[in-house]
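Student: If it helps, the file is called coords.txt and holds compact mmCIF, C-alpha atoms and all ligand atoms:
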```
# COMPACT_ATOMS: atom_id res chain seq x y z
CA MET F 1 -8.05 -2.99 -21.88
CA THR F 2 -11.65 -2.15 -22.75
CA PRO F 3 -13.60 -0.05 -20.23
CA GLN F 4 -16.20 -2.88 -20.09
CA ALA F 5 -13.53 -5.35 -18.95
CA PHE F 6 -12.55 -3.17 -16.06
CA SER F 7 -14.34 -3.18 -12.71
CA THR F 8 -13.41 -0.75 -9.96
CA VAL F 9 -14.34 -3.39 -7.39
CA TYR F 10 -12.52 -6.74 -7.22
CA GLY F 11 -12.30 -9.72 -4.91
CA PRO F 12 -12.73 -10.31 -2.09
CA VAL F 13 -9.16 -11.61 -2.12
CA ARG F 14 -7.63 -13.45 0.83
CA SER F 15 -4.94 -11.34 2.47
CA TRP F 16 -2.51 -12.70 5.10
CA ARG F 17 -2.71 -9.30 6.80
CA TYR F 18 -6.36 -8.36 6.57
CA GLY F 19 -8.54 -11.42 6.02
CA ARG F 20 -11.06 -11.36 3.16
CA SER F 21 -10.46 -8.03 1.55
CA LEU F 22 -12.74 -6.40 -1.00
CA GLY F 23 -10.63 -4.22 -3.27
CA ILE F 24 -11.66 -0.80 -4.56
CA ASP F 25 -9.61 0.71 -7.36
CA PRO F 26 -9.88 4.53 -7.47
CA ILE F 27 -7.22 4.77 -10.21
CA GLY F 28 -8.56 2.77 -13.15
CA THR F 29 -7.25 1.30 -16.35
CA VAL F 30 -3.93 3.18 -16.53
CA SER F 31 -1.60 2.34 -13.65
CA THR F 32 -0.82 5.64 -11.94
CA CYS F 33 1.49 6.24 -9.00
CA SER F 34 4.03 8.66 -7.53
CA PHE F 35 6.39 5.67 -7.14
CA ASN F 36 7.54 3.08 -9.65
CA CYS F 37 8.74 0.43 -7.20
CA VAL F 38 11.14 -2.18 -8.53
CA TYR F 39 8.90 -4.96 -7.23
CA CYS F 40 5.48 -3.49 -8.18
CA GLN F 41 2.91 -6.18 -8.96
CA LEU F 42 1.22 -3.90 -11.50
CA GLY F 43 4.27 -4.03 -13.75
CA CYS F 44 6.05 -0.84 -14.78
CA ILE F 45 3.89 2.15 -13.74
CA GLU F 46 2.39 3.75 -16.86
CA HIS F 47 1.70 7.21 -15.44
CA LEU F 48 4.24 8.44 -12.89
CA THR F 49 2.79 11.57 -11.30
CA PRO F 50 2.38 13.42 -8.00
CA THR F 51 -0.79 15.15 -9.23
CA ARG F 52 -4.15 14.48 -7.67
CA SER F 53 -7.07 14.10 -10.05
CA VAL F 54 -10.38 12.26 -10.38
CA TYR F 55 -9.30 9.09 -12.18
CA VAL F 56 -12.53 7.14 -11.70
CA SER F 57 -15.79 8.87 -10.83
CA THR F 58 -17.37 8.16 -7.44
CA ALA F 59 -20.62 7.36 -9.29
CA ARG F 60 -18.86 4.59 -11.22
CA ILE F 61 -17.52 3.07 -8.00
CA VAL F 62 -20.93 3.32 -6.31
CA ASP F 63 -22.41 1.52 -9.34
CA ASP F 64 -19.85 -1.29 -9.08
CA LEU F 65 -20.48 -1.56 -5.32
CA ARG F 66 -24.17 -2.30 -5.96
CA ALA F 67 -23.30 -5.79 -7.20
CA VAL F 68 -21.25 -6.65 -4.12
CA ASP F 69 -22.41 -9.28 -1.64
CA ARG F 70 -21.04 -7.93 1.65
CA GLU F 71 -21.18 -11.39 3.26
CA GLY F 72 -17.69 -12.79 3.44
CA VAL F 73 -16.06 -9.36 3.34
CA ASP F 74 -13.90 -8.55 6.39
CA ILE F 75 -12.49 -5.26 5.19
CA VAL F 76 -12.64 -2.93 2.19
CA THR F 77 -9.23 -1.92 0.87
CA LEU F 78 -8.47 1.07 -1.35
CA SER F 79 -5.41 0.24 -3.38
CA GLY F 80 -5.82 -1.08 -6.92
CA SER F 81 -4.00 0.27 -9.93
CA GLY F 82 -1.67 2.70 -8.17
CA GLU F 83 -1.56 5.21 -5.33
CA PRO F 84 -5.12 5.76 -3.98
CA THR F 85 -4.41 9.19 -2.46
CA LEU F 86 -3.81 10.51 -5.98
CA ALA F 87 -7.58 10.20 -6.40
CA LEU F 88 -9.08 13.59 -5.55
CA ASN F 89 -12.33 11.83 -4.64
CA VAL F 90 -10.76 9.36 -2.17
CA GLY F 91 -12.72 10.94 0.72
CA GLU F 92 -16.01 10.56 -1.18
CA ILE F 93 -15.17 6.96 -2.02
CA LEU F 94 -14.47 6.16 1.64
CA GLN F 95 -17.81 7.67 2.57
CA ALA F 96 -19.59 5.60 -0.11
CA VAL F 97 -17.93 2.44 1.24
CA ARG F 98 -19.07 3.30 4.75
CA ASP F 99 -22.66 3.92 3.58
CA ARG F 100 -22.99 0.88 1.32
CA ILE F 101 -20.77 -1.90 2.65
CA GLY F 102 -20.60 -1.18 6.36
CA ARG F 103 -17.24 -2.88 6.84
CA PRO F 104 -13.98 -1.32 8.10
CA SER F 105 -12.06 0.53 5.42
CA LEU F 106 -8.32 0.47 4.84
CA VAL F 107 -6.17 2.65 2.60
CA LEU F 108 -2.81 1.30 1.42
CA THR F 109 -0.62 4.28 0.61
CA ASN F 110 2.97 4.92 -0.40
CA GLY F 111 3.00 7.97 1.88
CA THR F 112 4.11 10.52 -0.70
CA LEU F 113 1.06 12.79 -0.31
CA LEU F 114 0.49 12.39 3.41
CA GLY F 115 1.82 15.85 4.23
CA ASP F 116 -0.94 17.43 2.11
CA ALA F 117 -3.67 18.93 4.31
CA ALA F 118 -6.44 17.85 1.90
CA VAL F 119 -5.18 14.26 1.91
CA ILE F 120 -5.05 14.28 5.71
CA GLN F 121 -8.65 15.45 5.75
CA ASP F 122 -9.78 12.89 3.15
CA LEU F 123 -8.17 9.93 4.91
CA ALA F 124 -9.78 10.82 8.23
CA ALA F 125 -12.77 8.86 6.88
CA ALA F 126 -10.69 5.63 6.73
CA ASP F 127 -10.71 3.23 9.68
CA ARG F 128 -7.16 2.12 8.96
CA VAL F 129 -4.27 3.49 6.94
CA ALA F 130 -1.22 1.34 6.15
CA VAL F 131 1.79 3.38 5.01
CA LYS F 132 4.63 1.97 2.96
CA LEU F 133 8.09 2.72 4.34
CA ASP F 134 10.78 0.91 2.36
CA ALA F 135 13.47 3.60 2.27
CA TRP F 136 14.63 6.51 4.40
CA THR F 137 17.70 7.66 2.46
CA ASP F 138 17.63 9.30 -0.96
CA GLY F 139 19.78 6.52 -2.42
CA ALA F 140 17.51 3.72 -1.22
CA LEU F 141 14.41 5.66 -2.27
CA ARG F 142 15.75 6.01 -5.82
CA ARG F 143 16.84 2.38 -5.94
CA ILE F 144 13.69 0.76 -4.48
CA ASN F 145 10.72 3.11 -4.93
CA ARG F 146 11.95 5.23 -7.88
CA PRO F 147 9.69 8.23 -7.09
CA VAL F 148 8.65 11.18 -9.22
CA ALA F 149 11.41 13.74 -9.72
CA GLY F 150 12.01 16.08 -6.81
CA LEU F 151 10.69 13.89 -4.01
CA THR F 152 13.31 13.36 -1.29
CA ALA F 153 13.42 10.90 1.59
CA ALA F 154 13.24 13.86 3.99
CA ASP F 155 10.03 15.12 2.30
CA LEU F 156 8.51 11.67 2.49
CA TRP F 157 9.36 11.26 6.17
CA ALA F 158 8.08 14.73 7.08
CA GLY F 159 4.75 14.02 5.36
CA ILE F 160 4.33 10.68 7.14
CA CYS F 161 5.07 12.29 10.52
CA ARG F 162 2.60 15.08 9.86
CA PHE F 163 -0.09 12.59 8.94
CA ARG F 164 0.66 10.41 11.96
CA GLN F 165 0.04 13.33 14.32
CA ALA F 166 -3.30 14.21 12.72
CA TYR F 167 -4.80 10.83 11.86
CA PRO F 168 -7.44 9.55 14.33
CA GLY F 169 -7.69 5.97 13.01
CA GLN F 170 -5.46 2.89 13.14
CA PHE F 171 -2.04 3.71 11.72
CA GLU F 172 0.05 0.83 10.38
CA LEU F 173 3.38 0.50 8.57
CA GLN F 174 4.33 -1.93 5.86
CA THR F 175 7.86 -2.45 4.66
CA MET F 176 9.29 -4.50 1.82
CA VAL F 177 12.58 -6.14 2.73
CA LEU F 178 14.60 -6.81 -0.39
CA ARG F 179 17.85 -7.96 1.21
CA PRO F 180 19.10 -8.53 4.78
CA TRP F 181 19.46 -5.25 6.69
CA SER F 182 22.71 -3.98 8.19
CA ALA F 183 22.88 -3.12 11.90
CA GLN F 184 22.67 0.55 10.92
CA GLN F 185 19.51 0.00 8.86
CA GLN F 186 17.93 -1.86 11.75
CA ALA F 187 18.82 0.92 14.18
CA ASP F 188 17.44 3.58 11.81
CA TYR F 189 14.19 1.68 11.35
CA ILE F 190 13.79 1.11 15.09
CA ALA F 191 14.15 4.84 15.68
CA LYS F 192 11.45 5.48 13.08
CA LEU F 193 9.10 2.97 14.72
CA GLN F 194 9.70 4.55 18.12
CA HIS F 195 8.81 7.92 16.66
CA LEU F 196 5.71 6.83 14.71
CA GLN F 197 4.36 4.21 17.14
CA PRO F 198 2.31 2.32 14.52
CA THR F 199 -0.28 -0.15 15.81
CA VAL F 200 1.37 -2.92 13.84
CA VAL F 201 4.20 -3.39 11.33
CA TYR F 202 4.02 -5.76 8.39
CA LEU F 203 7.27 -6.99 6.86
CA ASN F 204 7.05 -8.40 3.40
CA THR F 205 9.37 -9.56 0.66
CA PRO F 206 8.59 -9.95 -3.04
CA SER F 207 7.11 -13.42 -3.29
CA ARG F 208 5.64 -13.15 -6.76
CA PRO F 209 7.40 -12.29 -10.01
CA LYS F 210 6.96 -8.73 -11.26
CA PRO F 211 4.95 -8.61 -14.51
CA ARG F 212 6.85 -7.01 -17.38
CA GLU F 213 3.62 -5.47 -18.69
CA ARG F 214 0.59 -3.82 -17.08
CA SER F 215 -1.20 -6.52 -15.11
CA LEU F 216 -4.73 -6.01 -13.78
CA ALA F 217 -4.37 -9.24 -11.77
CA GLY F 218 -1.68 -7.45 -9.75
CA ARG F 219 -4.42 -5.51 -7.91
CA GLY F 220 -5.30 -8.62 -5.89
CA ASN F 221 -3.39 -11.74 -4.98
CA GLU F 222 -5.40 -14.35 -6.83
CA GLY F 223 -6.06 -15.20 -10.45
CA GLY F 224 -4.08 -16.88 -13.18
CA ASP F 225 -1.98 -14.06 -14.54
CA ARG F 226 0.17 -15.26 -17.44
CA THR F 227 1.94 -11.98 -18.12
CA PRO F 228 5.71 -12.38 -18.78
CA ALA F 229 7.44 -11.64 -15.50
CA GLN F 230 10.74 -10.71 -13.86
CA HIS F 231 11.74 -12.97 -10.95
CA PHE F 232 13.18 -11.50 -7.75
CA HIS F 233 15.68 -12.91 -5.36
CA CYS F 234 14.08 -12.15 -2.00
CA VAL F 235 15.08 -12.73 1.60
CA ASP F 236 14.03 -15.97 3.28
CA GLY F 237 11.54 -16.52 6.09
CA GLU F 238 14.27 -16.96 8.71
CA THR F 239 15.69 -13.54 7.91
CA LEU F 240 12.27 -11.92 8.20
CA ALA F 241 11.53 -13.76 11.45
CA ALA F 242 14.84 -12.66 13.01
CA LEU F 243 14.30 -9.07 11.90
CA ALA F 244 10.74 -9.08 13.25
CA GLU F 245 11.97 -10.33 16.62
CA THR F 246 14.70 -7.68 16.80
CA LEU F 247 12.20 -4.92 15.99
CA THR F 248 9.58 -6.13 18.45
CA THR F 249 12.12 -6.55 21.25
CA ALA F 250 13.40 -3.03 20.72
CA THR F 251 10.03 -1.30 20.35
CA GLN F 252 7.34 -3.57 21.87
CA ILE F 253 5.38 -2.97 18.64
CA PRO F 254 3.87 -6.10 17.05
CA VAL F 255 5.67 -7.01 13.84
CA ARG F 256 4.07 -9.53 11.50
CA TRP F 257 5.71 -11.10 8.49
CA LYS F 258 4.94 -13.67 5.86
CA SER F 259 7.29 -16.36 4.65
CA PRO F 260 8.00 -15.97 0.92
S1 LIG D 301 3.66 2.35 -4.42
FE1 LIG D 301 2.50 0.49 -4.79
S2 LIG D 301 1.41 0.86 -6.73
FE2 LIG D 301 3.02 2.41 -6.55
S3 LIG D 301 4.73 1.53 -7.68
FE3 LIG D 301 5.02 0.99 -5.52
S4 LIG D 301 4.08 -1.03 -5.28
FE4 LIG D 301 3.34 -0.16 -7.24
```
Could you spell out this file's structure in structure tokens?

Tutor:
Amino acid sequence: MTPQAFSTVYGPVRSWRYGRSLGIDPIGTVSTCSFNCVYCQLGCIEHLTPTRSVYVSTARIVDDLRAVDREGVDIVTLSGSGEPTLALNVGEILQAVRDRIGRPSLVLTNGTLLGDAAVIQDLAAADRVAVKLDAWTDGALRRINRPVAGLTAADLWAGICRFRQAYPGQFELQTMVLRPWSAQQQADYIAKLQHLQPTVVYLNTPSRPKPRERSLAGRGNEGGDRTPAQHFHCVDGETLAALAETLTTATQIPVRWKSP
């Protein structure tokens, strides 16, 4: 991919969760994440790392924001080509979004760095943070999210809890359901919701094939991506609806889901 072909700003794309979402990509041309999820829409992660760095300069993002027409933008979402909290300048980027676009900001994160005091401080500038929670045992974490070496489910959970206590904005959870959950999984998840008290929970299931190669189109949810892909067997809408009802009944927390 040539640098000229790459823009750090994309969309707005229509999101079932957030409305018209303008995407900001603080990671750049090489997909970079502390997870390599089996269902990742970016394809196989090219750079698996837990290390924070400046991947795209704030000046470059500010430049790309100049061309944006803020009309028709409901929210600005930091996500893009990997895990946004790996960007050392994520706090600066959030500030630039606030100054230039004047729309609520949202960070989609896999949660792996949320126990880091600097990340907690950086994300305080975000209006909303949506944290991925797909797995809470080491086995499921390795099977679904395939994290960097050394990261345990207990570490991940401790970091999320620490962040939850400190974060002043709207805290949300998002969970990918790959197969129907056992009664034990449901009970475990309910206990986690009761502890975290997110504003809302989003249940999802892989509804698009996973590209076999790096796919820039995977940053958003529109665009004719013709990359060869791996198809997933996902759970059906009825299963998600029943799970959502069970979770809401037990916790009184709104649970939204989208039919695959
Ligand atoms: S956390 Fe997100 S970007 Fe990272 S591998 Fe998983 S789905 Fe892809």

Student: Could you list, as number ranges by chain, all protein and nucleic acid residues with an atom at most 6 Å from ligand LIG 301 (chain D), counting only C-alpha atoms and all ligand atoms?

Tutor: F: 33, 35-37, 40, 82-83, 110

Student: With distances taken over all atoms listed in the file, which residue among F:Asp116, F:Val235, F:Thr249, F:Trp136 lies nearest Gln184 in chain F?

Tutor: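 Looking at the shortest contact to Gln184 in chain F, the residue is F:Trp136.
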
Student: I need every residue sitting at most 9 Å from the point (-21.2, -0.1, -6.4) (coordinates as in the file, only C-alpha atoms considered), written as a PyMOL selection string.

Tutor: chain F and resi 8-9+59-68+96-97+100

Student: Please list as number ranges by chain every residue within 9 Å of Gly80 in chain F, counting all atoms listed in the file and excluding residues in the same chain fewer than 2 positions away.

Tutor: F: 8-10, 23-28, 31, 42, 77-78, 82-84, 216, 218-220

Student: Could you tell me which of F:Ser57, F:Gln121, F:Asn204, F:Ser7 comes closest to Gly237 in chain F if we count only C-alpha atoms?

Tutor: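 Nearest to Gly237 in chain F: F:Asn204.
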
Student: Report, in Å with one decimal, the straight-line distance from CA of Gln41 in chain F to CA of Ser207 in chain F.

Tutor: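 Value for the CA of Gln41 in chain F-CA of Ser207 in chain F distance: 10.1 Å.
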
Student: Which of these, F:Val38, F:Val255, F:Leu108, F:Val30, has the shortest distance to Leu141 in chain F once you count all atoms listed in the file?

Tutor: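 Selected residue with least distance to Leu141 in chain F: F:Val38.
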
Student: Report as a list of chain:residue names all protein, DNA and RNA residues lying within 12 Å of Trp157 in chain F, evaluated on all atoms listed in the file, omitting residues in the same chain fewer than 3 positions from it.

Tutor: F:Asn110, F:Gly111, F:Thr112, F:Leu113, F:Leu114, F:Gly115, F:Val131, F:Lys132, F:Leu133, F:Asp134, F:Ala135, F:Trp136, F:Thr137, F:Asp138, F:Leu141, F:Leu151, F:Thr152, F:Ala153, F:Ala154, F:Ile160, F:Cys161, F:Arg162, F:Phe163, F:Arg164, F:Tyr189, F:Lys192, F:Leu193, F:His195, F:Leu196

Student: Kindly indicate which residue among F:Gln95, F:Arg128, F:Leu156, F:Gly139 lies nearest to Pro168 in chain F, using only C-alpha atoms for the distances.

Tutor: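 Smallest separation from Pro168 in chain F among the options: F:Arg128.
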
Student: Mind listing whatever residues come within 8 Å of the point (-14.5, -9.0, 9.8)? Use only C-alpha atoms, file coordinates, and give them as number ranges by chain.

Tutor: F: 19-20, 73-75, 103-104

Student: Find the spatial neighbours of Gln186 in chain F, counting only C-alpha atoms, within a cut-off of 10 Å - ignore same-chain residues fewer than 4 positions away - and output them as JSON, numbers by chain.

Tutor: {"F": [180, 181, 182, 190, 191, 192, 243, 246, 247]}

Student: Pick out the closest residue to Gln165 in chain F from this set: F:Thr58, F:Arg146, F:Ala124, F:Leu203. Count all atoms listed in the file.

Tutor: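 Smallest distance to Gln165 in chain F is found for F:Ala124.
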
Student: Rounded to one decimal in Å, what is the spacing between CA of Tyr55 in chain F and CA of Arg208 in chain F?

Tutor: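 Separation of CA of Tyr55 in chain F and CA of Arg208 in chain F: 27.3 Å.
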
Student: Enter the distance from CA of Pro254 in chain F to CA of Tyr18 in chain F, in Å, rounded to one decimal.

Tutor: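 One can read the CA of Pro254 in chain F to CA of Tyr18 in chain F distance as 14.8 Å.
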